[in-house]
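Okay, so here's the structure we're looking at.
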Amino acid sequence: MTRLKADARHSVRFSLNGKLVEGEAEPRMLLSDFLRHQLGATGTHVGCEHGVCGACTIIVDGMLTRSCLTLAAQVEGCELRTVEGLAPSADRLGVLQQAFRRNHALQCGFCTAGILMSLDHYLAGNPTPTEAEIRDLLSGHICRCTGYTPIIQAALEAAAELASSKKETSDA
Amino acid sequence: MVQAAVQSANSVDQSDDRPWVGRSIERVEDAALLSGGGRFIDDLGVAPGTLHATILRSPHAHADILSIDVEAAKRLAGVAAVLTGEDVKAVTTTLVVGVKAPVECWPIAMDRVRYVGEPVAVVVATDRARAEDAAELINVEYRPRGAVVDPLSALVSGVPVLHDGFPGNLASERAFRYGDPEKAFAEAPHRFSIDIRYPRNSCTPIETYGVVASHDAGEDAYEVLANFQGPFSIHTVIARALKVPGNRLRLRTPPDSGGSFGVKQGVFPYIVLIAAAARVTGKPVKWIEDRLEHLTASVSATNRATTLSAAVAADGKILALDWDQVEDCGAHLRAPEPATLYRMHGNMTGAYDVRHVKIRNRVVVTNKTPTGLNRGFGGPQVYFALERLVQRIAISLGLDPLDVITRNLIDAGTFPYRTATGALLDSGNYQEAVARAVAQGRLAELKARRDEARAQGRLYGIGFTAVVEPSVSNMGYITTVLTAAERRKAGPKNGAQATATVGLDPVGSVTVHVASVPQGQGHRTVLSQVVADVFGLQPKDIRVNTEIDTAKDAWSIASGNYASRFAAAVAGTAKLAAERVAGRLARIAASQLNVEAADIVFAKGFVASKHNPENRIAFSRVAALSHWSPGSLPDDAGQTIRETVFWTPPELTPPDEDDRINSSLCHGFIFDFCGVEIDRTTLETRIDRYVTMHDCGTILHPGMVNGQIRGGFAQALGAALYEEYAYAEDGSFLTGTLADYLLPTTTEVPEPEIFHMETPSPFTPLGAKGVGEGNCMSTPVCLANAVADALGVADITLPLVPARLAELVRGDEPPPPAGGATTAPVREGDRRLRGEGQASVKGAPEQVWAMLLDPATLQSVIPGCQRVDKITDTHFGADVTLGIGPVSGRYRADVELFDLDPPRAVTLRGGATGALGFGNAEGRITLAPDGNGGTKLAYSYDAAIGGKVASIGGRLLDGATRVIIGQFFTALARKAGGGGAAGGGFSLFALLAKVASLFGGRR
């Protein structure tokens, strides 16, 4: 096992939304801080730093991960996905993002990145979720603005749209 | 259910002739927020060389600061400065206090701390982690004082007093009388009364506070970026505290803010603190609050003790009200407090026609976090008492609660209606709203559900609430806390200046700026709709900026995002500004098209003649003319480059000689009812149906209005069922994490059934009223009324957690069966750790006795001990660094021995302090020979802890205590040559070290 010196900065390299990134971090630096302040990927937000609010949720090697409970050094060599990687292009939103906009599923937008990542990850493996399943999934996220219902609705709409576009593709 | 509810918000009519206002168009804000492109304060870069601050805070609720040793912290590499109260005092002055009293209010403790979390030192370093390292090295010596946490207890004579300038902890007392309440009470056939304790809670935005400040020494001017939300009356408070005129405090806000709900008004003491740090260091300084700081010490709503009585006729008509309110504003009366108490002053009769009112208002200080703005702002406290009382009246008189509500509602024909206490209710038809809600929300069916549930033996109840939701605060309402004579001396304060600026650039595109400081309410989208309608353009043609820069933008003391003022005041003012520009453009176009200005219409991107639509000119061409060819404008047109309008409603007058105050401009109406079921086993409250009818005047964007209602409902549901800022009797704060302060999630929040009625306000340019806070006022008491109905109980205290309902339904919890546990269970709010146990150690009692009193032995057996100093034979000091979990802390322990009975028994008493908290403990150890040459050791302990450890670790303490004690005795036994601890053991050092190290750890 690699041992890192506590008071030194170490190089950390990983793939962020498909691109190789590199930076230096002390062993105690949180992944959330590393993403935001070292790499400038500020779309991932920090709400509680103790793993409850879910705002900092990202995907590490295919697993939903609280970046505030992860050290930067832990993701060396991993594949990370964050909210910055969701849109198909800079001027176009993805299906899930569009559903959020259509349903007013965000207000201040601070918690939204984490919720989007949880849903993106979940819908990939569960194309036809029920409302109860979405509510269960998102119970690990706190939103203080919306009262949640529009988020649930956006998720269900996005799931339906993704499923039907997939069907069309396979039919073609 | 969800689909149907959201559907109305999505239907966007594409017909071109309909105005944009009133449509749920997609928000212009969302694309960036959905792709990680938001620009919140911590997302923005800072100038090279910017320093980072961390704040050392008090672990005590009330204590004198005897000394602060910052030398070790200052010596740490990367540390630029450590500011204590004295250093802050050298460059600032006290914050103004909202009542006339000889008290000071500093953003940092001077020589005394008055609440857990009060800043004691600010450490500024090259990065946040170094600043936090240094903060741990600061040694503060406190002498604890007694604490007061309950507002009524704070008024009892002989209790500790927080401020000499507030004798008896009373910061303000005023009595008011409207009509002839004494006569009404004397003549009324019935008098009903209710005692309410409204708890402390907060809307807790997910983004915490942030400040970046710099100081220009040459001009003695400050520049501050903060996610402050207004009101900008606070700008004057900050400038004054920093000892500069207002024009030398440039306050800016970031483009995005992660929720506020009133809470981010409370960032202002930190603006002063961080600006002071910038001045002392000569560098920009940045501070981002963490969640523990936010929950512990940012701000909270007031908790309030209320006694409300009503004089009531036989038919349930309320003839008079008698309010006695004791408002708990925490340790300091910070601006704008005691505004929470006076915001509702015009509305103390709610939605009811009551002409005789008596009010006694007292404001007290206690050893808790100072209070401030919070969604609902005084409304939840008032309506909880009023609407609980209405239910009590109904039950007592054997009437239907809904009948008592409707019997007392203000008549539809009497608007605008002046309440007894001075509010001018602008418009409404409360009877119609109630009737529609009852029909659309299917009350009859809900009652059948209740009857059916009850027939099956289930606990089911229905609650009702009628609420008037005030919006657009009169800046003068707070002066009602002063007597008429004091007000005359201070000069009049009133109004609610809103401002909007509309600008046209050289290609004729339209820009709008307002000083509304949104935190997610979609102001930019709504303003683009409002202005597009005036100019005959599309919302996408209008670019709106809602950032504020006090150095160059139009603003007033009323600017900001509070009192639900956007739709009613700010959006209306933007309409007025656009219309003013449009009026001039019409004159220009008229001269170009050779028609009268009255014949001009703005539509579909053109300025055209109404009579001959083919006679038209492109909007952009007319709009650009003022830039390119001012000489060709008609003489009376004036410029059309930029127009700023200030608007304040004339109805917002100062309090009159009789203390009548029109505290708000607009008054929406809400009628809620709900059905709840309480599980007989778990006593969890489940909402079966929640119906909420709103009349907020003209609706500008249905999707956003419903968003405000749902959001407010969810926060109110939290306040009703889960949330409370809990304090122990000694003032320790007990809910410092989101695992302790429970917020509702997707699995707890149902979809409310929302209905609307639109009675436009005659007082606002668009007919709109505020809608953001209503459910925070109506929902807590509506749920409480339903729970009271379900359980058949008279007194209900929030939050309605199962444990509290269990006490109501089943009485106190019975004591646990004897034997078994070694640690006694603790009462709610009692954080004392008590326990007893036994251990066996090899070696005779004399040997063990000697070990327990030997510093070298203790040093080697106390977990994490670095050093034990023997001060006298019976007095020891120790330094320990220990950790359980991911972080560690350093602690200084001090222990004395009493009642020595060598080698049989000893009592230990002492305490430990460190950055993560403090502990005090007392224990008795007895030693006896075990008959095999070893020693049987029995112990009992009684310990209390405070500080961060209490705030974030309360749930874990008992278990962790036993672990640490076990470690101690294992080590002691090993040292003595074998044996072991049975069921743990005891050491005061070990206990304190454990407490100290609960969140300490590996390094």
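Chains: A, B, ... in order of the structure tokens. Residues: from 1 per chain. Ligands: from 1, in order shown.
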
Residues of region 197-275 of chain B that approach region 532-555 of chain B to 12 Å or less, counting only C-alpha atoms: could you list each one with the shortest pair of atoms and its distance in Å to one decimal, rows by chain and increasing residue number, as JSON lines?
```
{"residue": "B:Ala221", "atom": "CA", "partner": "B:Ala551", "partner_atom": "CA", "distance": 11.2}
{"residue": "B:Tyr222", "atom": "CA", "partner": "B:Ala551", "partner_atom": "CA", "distance": 10.8}
{"residue": "B:Glu223", "atom": "CA", "partner": "B:Ala551", "partner_atom": "CA", "distance": 9.3}
{"residue": "B:Val224", "atom": "CA", "partner": "B:Asp549", "partner_atom": "CA", "distance": 9.5}
{"residue": "B:Leu225", "atom": "CA", "partner": "B:Asp549", "partner_atom": "CA", "distance": 9.0}
{"residue": "B:Ala226", "atom": "CA", "partner": "B:Ile548", "partner_atom": "CA", "distance": 10.4}
{"residue": "B:Asn227", "atom": "CA", "partner": "B:Glu547", "partner_atom": "CA", "distance": 10.3}
{"residue": "B:Phe228", "atom": "CA", "partner": "B:Ile548", "partner_atom": "CA", "distance": 10.1}
{"residue": "B:Gln229", "atom": "CA", "partner": "B:Ile548", "partner_atom": "CA", "distance": 10.0}
{"residue": "B:Gly230", "atom": "CA", "partner": "B:Ile548", "partner_atom": "CA", "distance": 10.3}
{"residue": "B:Pro231", "atom": "CA", "partner": "B:Trp555", "partner_atom": "CA", "distance": 10.4}
{"residue": "B:Phe232", "atom": "CA", "partner": "B:Trp555", "partner_atom": "CA", "distance": 8.0}
{"residue": "B:Ser233", "atom": "CA", "partner": "B:Trp555", "partner_atom": "CA", "distance": 10.2}
{"residue": "B:His235", "atom": "CA", "partner": "B:Thr550", "partner_atom": "CA", "distance": 8.9}
{"residue": "B:Thr236", "atom": "CA", "partner": "B:Thr550", "partner_atom": "CA", "distance": 11.2}
{"residue": "B:Ala239", "atom": "CA", "partner": "B:Thr550", "partner_atom": "CA", "distance": 11.8}
{"residue": "B:Gly246", "atom": "CA", "partner": "B:Thr550", "partner_atom": "CA", "distance": 9.1}
{"residue": "B:Asn247", "atom": "CA", "partner": "B:Ala551", "partner_atom": "CA", "distance": 6.9}
{"residue": "B:Arg248", "atom": "CA", "partner": "B:Ala551", "partner_atom": "CA", "distance": 8.4}
{"residue": "B:Leu249", "atom": "CA", "partner": "B:Ala551", "partner_atom": "CA", "distance": 7.9}
{"residue": "B:Arg250", "atom": "CA", "partner": "B:Ala551", "partner_atom": "CA", "distance": 5.3}
{"residue": "B:Leu251", "atom": "CA", "partner": "B:Thr550", "partner_atom": "CA", "distance": 5.4}
{"residue": "B:Arg252", "atom": "CA", "partner": "B:Asp549", "partner_atom": "CA", "distance": 4.4}
{"residue": "B:Thr253", "atom": "CA", "partner": "B:Ile548", "partner_atom": "CA", "distance": 5.6}
{"residue": "B:Pro254", "atom": "CA", "partner": "B:Glu547", "partner_atom": "CA", "distance": 6.3}
{"residue": "B:Pro255", "atom": "CA", "partner": "B:Glu547", "partner_atom": "CA", "distance": 5.4}
{"residue": "B:Asp256", "atom": "CA", "partner": "B:Glu547", "partner_atom": "CA", "distance": 8.3}
{"residue": "B:Ser257", "atom": "CA", "partner": "B:Glu547", "partner_atom": "CA", "distance": 10.2}
```

Near region 48-56 of chain A, counting only C-alpha atoms, which residues have an atom at most 6 Å away, once you skip same-chain residues fewer than 4 positions from it, shown as a compact mmCIF listing (two decimals) with N, CA, C and O atoms, in the first residue's frame?
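Generated output (part.txt):
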```txt
# COMPACT_ATOMS: atom_id res chain seq x y z
N THR A 44 -19.76 20.77 -8.88
CA THR A 44 -20.01 19.93 -7.72
C THR A 44 -19.99 20.81 -6.48
O THR A 44 -19.00 21.49 -6.23
N ARG A 66 -19.99 10.24 -2.38
CA ARG A 66 -19.99 11.57 -1.77
C ARG A 66 -18.56 12.11 -1.86
O ARG A 66 -17.67 11.61 -1.17
N SER A 67 -18.37 13.13 -2.68
CA SER A 67 -16.99 13.61 -2.84
C SER A 67 -16.49 14.33 -1.59
O SER A 67 -15.29 14.51 -1.43
N CYS A 68 -17.41 14.70 -0.69
CA CYS A 68 -16.96 15.36 0.55
C CYS A 68 -16.49 14.34 1.58
O CYS A 68 -15.93 14.71 2.59
N CYS A 111 -28.24 22.31 -4.84
CA CYS A 111 -28.22 20.87 -4.55
C CYS A 111 -28.34 20.05 -5.82
O CYS A 111 -28.21 18.83 -5.79
N GLY A 114 -25.82 17.17 -7.44
CA GLY A 114 -25.78 15.86 -6.80
C GLY A 114 -26.99 15.02 -7.17
O GLY A 114 -26.89 13.82 -7.41
N HIS A 141 -30.74 12.94 -0.66
CA HIS A 141 -30.42 14.31 -1.09
C HIS A 141 -31.36 15.28 -0.39
O HIS A 141 -32.55 15.00 -0.26
N ILE A 142 -30.84 16.40 0.02
CA ILE A 142 -31.69 17.43 0.62
C ILE A 142 -31.80 18.61 -0.33
O ILE A 142 -30.79 19.13 -0.81
N ARG B 291 -20.85 23.73 7.71
CA ARG B 291 -22.21 23.37 8.13
C ARG B 291 -22.38 23.41 9.65
O ARG B 291 -23.42 23.84 10.15
```

Using only C-alpha atoms, I'd like every residue of chain A that has an atom within 8 Å of chain B; please write them out as a PyMOL selection string.
chain A and resi 6+36+41-44+46-50+52-53+83-87+93+97+101-104+106-113+135-136+138-150+152-153

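Among the candidates A:Asp91, A:Val12, A:Phe100, A:Ile115, the one nearest to Leu71 (chain A) when counting only C-alpha atoms is A:Val12.
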
Expected answer as a CSV table (one decimal) with N, CA, C and O atoms, in the first residue's frame: strand (DSSP E) residues in region 752-860 of chain B:
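As written to disk, states_4.csv reads:
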```csv
chain,number,residue,atom,x,y,z
B,753,GLU,N,-52.1,19.5,-2.4
B,753,GLU,CA,-53.0,19.9,-3.4
B,753,GLU,C,-53.2,21.4,-3.4
B,753,GLU,O,-53.7,21.9,-2.4
B,754,ILE,N,-52.7,22.0,-4.5
B,754,ILE,CA,-52.7,23.5,-4.5
B,754,ILE,C,-53.8,24.0,-5.4
B,754,ILE,O,-54.0,23.6,-6.5
B,755,PHE,N,-54.5,25.0,-4.8
B,755,PHE,CA,-55.6,25.7,-5.6
B,755,PHE,C,-55.3,27.2,-5.5
B,755,PHE,O,-54.7,27.7,-4.6
B,756,HIS,N,-55.8,27.8,-6.5
B,756,HIS,CA,-55.6,29.3,-6.6
B,756,HIS,C,-56.9,30.0,-6.9
B,756,HIS,O,-57.8,29.6,-7.5
B,757,MET,N,-56.9,31.3,-6.4
B,757,MET,CA,-57.9,32.3,-6.7
B,757,MET,C,-57.1,33.5,-6.9
B,757,MET,O,-56.0,33.7,-6.3
B,833,LEU,N,-23.4,12.1,31.3
B,833,LEU,CA,-23.1,10.7,31.1
B,833,LEU,C,-22.9,10.1,32.5
B,833,LEU,O,-22.0,10.6,33.2
B,834,ARG,N,-23.7,9.1,32.8
B,834,ARG,CA,-23.5,8.5,34.1
B,834,ARG,C,-23.3,7.0,33.9
B,834,ARG,O,-23.8,6.4,33.0
B,835,GLY,N,-22.5,6.4,34.7
B,835,GLY,CA,-22.3,5.0,34.6
B,835,GLY,C,-21.5,4.4,35.8
B,835,GLY,O,-21.1,5.2,36.7
B,836,GLU,N,-21.5,3.1,35.8
B,836,GLU,CA,-20.7,2.5,36.9
B,836,GLU,C,-20.3,1.1,36.4
B,836,GLU,O,-20.9,0.6,35.4
B,837,GLY,N,-19.3,0.5,37.0
B,837,GLY,CA,-18.9,-0.8,36.6
B,837,GLY,C,-17.8,-1.3,37.4
B,837,GLY,O,-17.4,-0.7,38.5
B,838,GLN,N,-17.2,-2.4,37.0
B,838,GLN,CA,-16.2,-3.0,37.8
B,838,GLN,C,-15.0,-3.5,36.9
B,838,GLN,O,-15.3,-3.7,35.7
B,839,ALA,N,-13.8,-3.6,37.4
B,839,ALA,CA,-12.7,-4.2,36.7
B,839,ALA,C,-11.9,-4.9,37.7
B,839,ALA,O,-11.9,-4.7,38.9
B,840,SER,N,-11.1,-5.9,37.1
B,840,SER,CA,-10.1,-6.6,38.0
B,840,SER,C,-8.7,-6.4,37.4
B,840,SER,O,-8.5,-6.4,36.2
B,841,VAL,N,-7.8,-6.1,38.3
B,841,VAL,CA,-6.5,-5.8,38.0
B,841,VAL,C,-5.6,-6.7,38.8
B,841,VAL,O,-5.8,-6.9,40.0
```

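Closest approach to Thr907 (chain B) among B:Val868, B:Val82, B:Ala188, B:Leu852: B:Leu852, based on only C-alpha atoms.
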
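The gap separating CA of Tyr725 (chain B) from CA of Arg200 (chain B) is 5.4 Å, in Å to one decimal.
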
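As for CA of Thr296 (chain B) and CA of Arg279 (chain B), they are spaced 26.9 Å apart.
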
Which polymer residues have any atom within 8 Å of an atom of Pro129 (chain A), counting only C-alpha atoms, with same-chain residues fewer than 4 positions away left out, as a ChimeraX atom specification?
/A:123,133-134,156,159

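Closest approach to Ala335 (chain B) among B:Gly508, B:Pro107, B:Gly422, B:Gly413 is made by B:Pro107 (distances from only C-alpha atoms).
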